[in-house]
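Just run_0.txt here, compact mmCIF, C-alpha atoms:
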# COMPACT_ATOMS: atom_id res chain seq x y z
CA MET A 195 -9.59 0.51 -14.65
CA PHE A 196 -9.77 3.94 -16.27
CA ALA A 197 -6.21 3.55 -17.59
CA GLU A 198 -6.99 0.13 -19.00
CA ILE A 199 -10.06 1.41 -20.83
CA VAL A 200 -8.33 4.50 -22.24
CA LEU A 201 -5.19 2.61 -23.27
CA ASN A 202 -7.24 -0.07 -25.03
CA HIS A 203 -9.74 2.22 -26.75
CA PRO A 204 -9.11 2.32 -30.53
CA ASP A 205 -9.95 6.04 -30.75
CA TYR A 206 -6.93 6.83 -28.56
CA LYS A 207 -4.47 4.45 -30.21
CA ASP A 208 -2.22 7.26 -31.47
CA HIS A 209 -2.94 9.91 -28.82
CA PRO A 210 0.37 11.63 -27.91
CA LEU A 211 -0.40 11.71 -24.17
CA LEU A 212 -0.64 7.93 -24.16
CA LYS A 213 2.54 7.26 -26.16
CA PRO A 214 4.77 6.90 -23.03
CA PHE A 215 2.52 4.08 -21.78
CA ARG A 216 2.58 2.12 -25.04
CA SER A 217 5.04 -0.70 -25.72
CA GLY A 218 8.56 0.72 -25.83
CA GLY A 219 7.52 4.03 -24.21
CA GLU A 220 9.36 5.40 -21.18
CA ARG A 221 6.40 4.55 -18.88
CA SER A 222 5.55 1.17 -20.50
CA ASP A 223 7.25 -0.96 -17.84
CA ASN A 224 4.11 -0.73 -15.68
CA PRO A 225 1.62 1.25 -17.79
CA LEU A 226 -1.51 0.95 -15.63
CA ALA A 227 0.15 1.96 -12.37
CA ASN A 228 2.28 4.61 -14.09
CA PHE A 229 -0.83 6.07 -15.71
CA TYR A 230 -2.37 6.43 -12.25
CA TRP A 231 0.76 8.05 -10.77
CA ASP A 232 1.15 10.41 -13.74
CA PHE A 233 -2.46 11.60 -13.90
CA PHE A 234 -4.35 10.81 -10.68
CA ALA A 235 -1.82 11.07 -7.83
CA GLN A 236 -1.76 14.12 -5.57
CA GLY A 237 -0.65 17.22 -7.47
CA ARG A 238 -1.47 15.71 -10.88
CA SER A 239 -4.02 17.02 -13.36
CA CYS A 240 -6.81 14.51 -12.56
CA PHE A 241 -6.31 14.41 -8.78
CA VAL A 242 -9.44 14.90 -6.68
CA LYS A 243 -8.91 15.67 -3.02
CA ALA A 244 -10.73 13.28 -0.72
CA SER A 245 -11.82 13.97 2.85
CA TYR A 246 -11.16 11.30 5.43
CA PRO A 247 -12.55 10.84 8.92
CA ASP A 248 -10.32 11.30 11.93
CA MET A 249 -8.07 8.28 12.50
CA THR A 250 -9.43 7.62 15.99
CA ASN A 251 -12.95 7.48 14.50
CA ILE A 252 -11.77 5.02 11.85
CA ILE A 253 -10.12 2.82 14.47
CA ASP A 254 -13.26 2.98 16.65
CA ILE A 255 -15.47 1.91 13.72
CA ILE A 256 -13.12 -0.98 12.93
CA HIS A 257 -13.21 -2.11 16.57
CA GLN A 258 -17.01 -1.69 16.86
CA THR A 259 -17.39 -4.05 13.90
CA HIS A 260 -15.05 -6.58 15.56
CA GLY A 261 -12.19 -5.86 13.18
CA TYR A 262 -8.52 -5.19 13.75
CA ALA A 263 -6.99 -1.89 12.63
CA VAL A 264 -3.75 -2.45 10.71
CA LEU A 265 -1.49 0.16 9.15
CA ALA A 266 -0.35 -0.96 5.70
CA HIS A 267 3.22 -0.40 4.45
CA PRO A 268 4.11 2.44 6.84
CA CYS A 269 7.44 3.21 5.17
CA VAL A 270 5.42 4.32 2.14
CA ASN A 271 2.28 5.69 3.78
CA LEU A 272 4.28 7.68 6.34
CA LYS A 273 7.27 8.45 4.11
CA GLY A 274 9.06 11.43 5.58
CA LYS A 275 6.63 11.50 8.51
CA MET A 276 7.53 8.38 10.49
CA GLN A 277 7.11 10.40 13.71
CA LEU A 278 3.34 10.01 13.13
CA LEU A 279 3.66 6.30 13.91
CA THR A 280 3.77 7.04 17.64
CA ASP A 281 0.42 8.87 17.48
CA ILE A 282 -1.10 6.12 15.32
CA ILE A 283 -0.08 3.52 17.89
CA LYS A 284 -1.49 5.67 20.72
CA ALA A 285 -4.76 5.99 18.76
CA GLY A 286 -5.29 2.27 19.27
CA ILE A 287 -4.08 0.53 16.13
CA ASP A 288 -3.79 -3.24 16.54
CA GLY A 289 -1.14 -4.14 14.02
CA ILE A 290 1.30 -2.95 11.40
CA GLU A 291 2.31 -4.45 8.08
CA ALA A 292 6.03 -4.73 8.76
CA PHE A 293 6.80 -7.06 5.88
CA SER A 294 5.94 -5.60 2.48
CA SER A 295 7.31 -5.49 -1.04
CA TYR A 296 7.45 -1.73 -0.49
CA HIS A 297 9.90 -2.12 2.40
CA THR A 298 13.56 -3.00 2.26
CA LYS A 299 14.71 -5.79 4.58
CA GLU A 300 16.14 -3.11 6.87
CA GLN A 301 12.88 -1.16 6.95
CA ALA A 302 10.94 -4.36 7.64
CA ALA A 303 13.24 -5.18 10.57
CA TYR A 304 12.86 -1.63 11.92
CA ILE A 305 9.05 -1.74 11.75
CA PHE A 306 8.97 -5.24 13.20
CA ASP A 307 10.98 -3.98 16.20
CA ILE A 308 8.39 -1.23 16.71
CA VAL A 309 5.61 -3.84 16.48
CA LYS A 310 7.26 -5.99 19.18
CA GLN A 311 8.03 -3.03 21.47
CA ASN A 312 4.39 -1.94 21.34
CA HIS A 313 2.85 -5.43 21.66
CA LEU A 314 1.08 -5.20 18.31
CA PHE A 315 0.73 -7.91 15.72
CA THR A 316 2.37 -7.82 12.34
CA THR A 317 1.13 -8.65 8.89
CA CYS A 318 2.84 -9.47 5.63
CA GLY A 319 1.74 -8.23 2.24
CA SER A 320 3.34 -8.35 -1.16
CA ASP A 321 0.79 -5.82 -2.47
CA TYR A 322 0.42 -8.06 -5.49
CA HIS A 323 -2.21 -6.71 -7.88
CA GLY A 324 -1.63 -8.87 -10.93
CA LYS A 325 -1.38 -6.96 -14.20
CA ILE A 326 -1.61 -3.59 -12.44
CA LYS A 327 1.72 -4.21 -10.68
CA PRO A 328 3.53 -6.79 -12.82
CA ALA A 329 6.93 -6.23 -11.18
CA ILE A 330 5.59 -7.41 -7.81
CA ARG A 331 5.32 -11.13 -7.25
CA LEU A 332 2.84 -12.81 -4.93
CA GLY A 333 4.60 -13.44 -1.62
CA GLN A 334 7.40 -10.90 -2.21
CA HIS A 335 7.46 -9.32 1.28
CA HIS A 336 10.72 -10.14 3.16
CA CYS A 337 8.87 -11.82 6.05
CA THR A 338 11.24 -13.32 8.59
CA LEU A 339 8.54 -15.08 10.62
CA THR A 340 7.72 -18.72 10.12
CA ALA A 341 4.20 -19.81 9.28
CA GLU A 342 3.91 -21.19 12.82
CA GLU A 343 4.92 -17.84 14.35
CA MET A 344 2.38 -16.00 12.20
CA GLU A 345 -0.33 -18.51 13.12
CA LYS A 346 0.45 -18.24 16.84
CA GLN A 347 0.30 -14.46 16.63
CA LEU A 348 -3.08 -14.52 14.90
CA ILE A 349 -4.53 -17.15 17.25
CA SER A 350 -3.60 -14.90 20.20
CA LEU A 351 -6.07 -12.34 18.82
CA LEU A 352 -9.02 -14.69 19.26

As C-alpha cells, how would this structure be written, given the file I've shared?
Amino acid sequence: MFAEIVLNHPDYKDHPLLKPFRSGGERSDNPLANFYWDFFAQGRSCFVKASYPDMTNIIDIIHQTHGYAVLAHPCVNLKGKMQLLTDIIKAGIDGIEAFSSYHTKEQAAYIFDIVKQNHLFTTCGSDYHGKIKPAIRLGQHHCTLTAEEMEKQLISLL
C-alpha cells in the first residue's frame, strides 16, 4: 500500500529513487512487490525487525482456537534451512503447503512426500495477490491432487 501511494503521488513523479519502478524501469515488471523487496525486506533501509512468539506457542494458540497450523511455501520460508522442517513437524504443525507458485514441480513433490510420511495434510496456494503480484495467476500451484482427493483430505480433519 505504501508503494502504491508513493508511486502514484504527483509530488514524487520525477523522484530518482522511484525511476526504476516506473514504466520501462529495470524494476517495473512488478513495481509494488519490487518496491517492498528493495526498501522493506530484511537488510534494506526501511526494514523494521519484528519479534515473533515461539513457534510452539503459535501452534498452541491456533489449536486452542480450533484452527489448523499450516506452514506456507516452505521452500521459500525455509530456504537454505530445510532441516528446520523436522522441528516444525515435531512442534505439532497440522499441514504444509506443498503446492505453491513458489515451488517447482520437483520441490512440490518433495514436500508432498514429507507431508505423506508425517501424516499431515497438504494445501495448495498460488499466492495470487492481484496487482501486487501480476506475474502469478490464480490457481498456479502445480497441485497433483484431484479435487476429490483434496476434499477427502479436508473432510478427514472434521

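Residues lying at most 9 Å from (-0.5, -2.9, 5.3) in file coordinates, with all atoms listed in the file considered, are Val264, Leu265, Ala266, His267, Pro268, Gly289, Ile290, Glu291, Ala292, Phe293, Ser294, Thr317, Cys318, Gly319 and Asp321 of chain A.
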
For Ala263 of chain A, the nearest of the candidates A:Leu314, A:Leu278, A:Thr340, A:Trp231, counting all atoms listed in the file
A:Leu314

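Pairwise distance (atom CA of Ala235 of chain A, atom CA of Asp288 of chain A) equals 28.3 Å.
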
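For the pair atom CA of Ala285 of chain A and atom CA of His313 of chain A, the separation is 14.0 Å.
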
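Restricting the calculation to all atoms listed in the file, the smallest distance between Leu211 of chain A and any of A:Ser245, A:Tyr304, A:Asn251, A:Phe229 is found for A:Phe229.
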
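Among the candidate residues A:Phe315, A:Gly274, A:Thr280, A:Cys269, the one lying nearest to Glu300 of chain A is A:Cys269, with distances computed using all atoms listed in the file.
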
With all atoms listed in the file as the counted atoms, please give the residues lying no more than 8 Å from Ile253 of chain A, apart from itself and same-chain residues fewer than 2 positions off, as JSON, numbers by chain.
{"A": [249, 250, 251, 255, 256, 257, 263, 285, 286, 287]}

Contacts of Ala303 of chain A at 10 Å (all atoms listed in the file; same-chain gap of 6+ positions) as a ChimeraX atom specification:
/A:292-293,297,309,336-338

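Atom pair atom CA of Ser295 of chain A / atom CA of Met344 of chain A: separated by 17.6 Å.
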
With only C-alpha atoms as the atoms that count, which of A:Lys243, A:Phe196, A:Ile305, A:Lys284 lies nearest to Leu272 of chain A?
A:Ile305

Would you please work out which residue, of A:Glu345, A:Asp254, A:Asp248, A:Glu198, is nearest to Arg216 of chain A when using only C-alpha atoms?
A:Glu198

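If only C-alpha atoms are the atoms counted, then among A:Lys207, A:Cys240, A:Leu351, A:Ala302 the closest residue to Leu339 of chain A is A:Ala302.
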
Using the partial input, fill out segment 229-245 of chain A with N, CA, C and O atoms; write the result as a PDB file, keeping the file's coordinate frame.
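Once written, out-v5.pdb looks like this:
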ATOM      1  N   PHE A 229       0.245   5.183 -15.263  1.00  0.00           N
ATOM      2  CA  PHE A 229      -0.830   6.070 -15.710  1.00  0.00           C
ATOM      3  C   PHE A 229      -1.488   6.725 -14.491  1.00  0.00           C
ATOM      4  O   PHE A 229      -1.713   7.931 -14.457  1.00  0.00           O
ATOM      5  N   TYR A 230      -1.783   5.894 -13.484  1.00  0.00           N
ATOM      6  CA  TYR A 230      -2.370   6.430 -12.250  1.00  0.00           C
ATOM      7  C   TYR A 230      -1.436   7.479 -11.638  1.00  0.00           C
ATOM      8  O   TYR A 230      -1.866   8.593 -11.325  1.00  0.00           O
ATOM      9  N   TRP A 231      -0.170   7.130 -11.421  1.00  0.00           N
ATOM     10  CA  TRP A 231       0.760   8.050 -10.770  1.00  0.00           C
ATOM     11  C   TRP A 231       0.955   9.327 -11.577  1.00  0.00           C
ATOM     12  O   TRP A 231       1.126  10.412 -11.009  1.00  0.00           O
ATOM     13  N   ASP A 232       0.919   9.235 -12.897  1.00  0.00           N
ATOM     14  CA  ASP A 232       1.150  10.410 -13.740  1.00  0.00           C
ATOM     15  C   ASP A 232      -0.065  11.330 -13.859  1.00  0.00           C
ATOM     16  O   ASP A 232       0.093  12.526 -14.095  1.00  0.00           O
ATOM     17  N   PHE A 233      -1.265  10.774 -13.695  1.00  0.00           N
ATOM     18  CA  PHE A 233      -2.460  11.600 -13.900  1.00  0.00           C
ATOM     19  C   PHE A 233      -3.337  11.773 -12.656  1.00  0.00           C
ATOM     20  O   PHE A 233      -3.981  12.801 -12.493  1.00  0.00           O
ATOM     21  N   PHE A 234      -3.376  10.780 -11.768  1.00  0.00           N
ATOM     22  CA  PHE A 234      -4.350  10.810 -10.680  1.00  0.00           C
ATOM     23  C   PHE A 234      -3.753  10.985  -9.284  1.00  0.00           C
ATOM     24  O   PHE A 234      -4.488  11.205  -8.329  1.00  0.00           O
ATOM     25  N   ALA A 235      -2.452  10.901  -9.144  1.00  0.00           N
ATOM     26  CA  ALA A 235      -1.820  11.070  -7.830  1.00  0.00           C
ATOM     27  C   ALA A 235      -1.893  12.539  -7.403  1.00  0.00           C
ATOM     28  O   ALA A 235      -2.125  13.438  -8.219  1.00  0.00           O
ATOM     29  N   GLN A 236      -1.684  12.766  -6.114  1.00  0.00           N
ATOM     30  CA  GLN A 236      -1.760  14.120  -5.570  1.00  0.00           C
ATOM     31  C   GLN A 236      -0.851  15.065  -6.354  1.00  0.00           C
ATOM     32  O   GLN A 236       0.298  14.752  -6.641  1.00  0.00           O
ATOM     33  N   GLY A 237      -1.392  16.226  -6.714  1.00  0.00           N
ATOM     34  CA  GLY A 237      -0.650  17.220  -7.470  1.00  0.00           C
ATOM     35  C   GLY A 237      -0.733  17.044  -8.980  1.00  0.00           C
ATOM     36  O   GLY A 237      -0.245  17.882  -9.728  1.00  0.00           O
ATOM     37  N   ARG A 238      -1.349  15.960  -9.434  1.00  0.00           N
ATOM     38  CA  ARG A 238      -1.470  15.710 -10.880  1.00  0.00           C
ATOM     39  C   ARG A 238      -2.787  16.258 -11.409  1.00  0.00           C
ATOM     40  O   ARG A 238      -3.702  16.578 -10.652  1.00  0.00           O
ATOM     41  N   SER A 239      -2.897  16.326 -12.721  1.00  0.00           N
ATOM     42  CA  SER A 239      -4.020  17.020 -13.360  1.00  0.00           C
ATOM     43  C   SER A 239      -5.400  16.421 -13.061  1.00  0.00           C
ATOM     44  O   SER A 239      -6.390  17.142 -13.057  1.00  0.00           O
ATOM     45  N   CYS A 240      -5.497  15.143 -12.802  1.00  0.00           N
ATOM     46  CA  CYS A 240      -6.810  14.510 -12.560  1.00  0.00           C
ATOM     47  C   CYS A 240      -7.050  14.191 -11.087  1.00  0.00           C
ATOM     48  O   CYS A 240      -8.014  13.513 -10.741  1.00  0.00           O
ATOM     49  N   PHE A 241      -6.179  14.679 -10.218  1.00  0.00           N
ATOM     50  CA  PHE A 241      -6.310  14.410  -8.780  1.00  0.00           C
ATOM     51  C   PHE A 241      -7.563  15.083  -8.224  1.00  0.00           C
ATOM     52  O   PHE A 241      -7.870  16.229  -8.555  1.00  0.00           O
ATOM     53  N   VAL A 242      -8.282  14.360  -7.390  1.00  0.00           N
ATOM     54  CA  VAL A 242      -9.440  14.900  -6.680  1.00  0.00           C
ATOM     55  C   VAL A 242      -9.181  14.681  -5.193  1.00  0.00           C
ATOM     56  O   VAL A 242      -8.975  13.544  -4.755  1.00  0.00           O
ATOM     57  N   LYS A 243      -9.168  15.766  -4.455  1.00  0.00           N
ATOM     58  CA  LYS A 243      -8.910  15.670  -3.020  1.00  0.00           C
ATOM     59  C   LYS A 243     -10.071  14.942  -2.337  1.00  0.00           C
ATOM     60  O   LYS A 243     -11.235  15.226  -2.607  1.00  0.00           O
ATOM     61  N   ALA A 244      -9.727  14.030  -1.471  1.00  0.00           N
ATOM     62  CA  ALA A 244     -10.730  13.280  -0.720  1.00  0.00           C
ATOM     63  C   ALA A 244     -10.653  13.692   0.753  1.00  0.00           C
ATOM     64  O   ALA A 244      -9.579  14.005   1.255  1.00  0.00           O
ATOM     65  N   SER A 245     -11.774  13.690   1.412  1.00  0.00           N
ATOM     66  CA  SER A 245     -11.820  13.970   2.850  1.00  0.00           C
ATOM     67  C   SER A 245     -11.922  12.638   3.581  1.00  0.00           C
ATOM     68  O   SER A 245     -12.672  11.748   3.172  1.00  0.00           O
TER      69      SER A 245
END
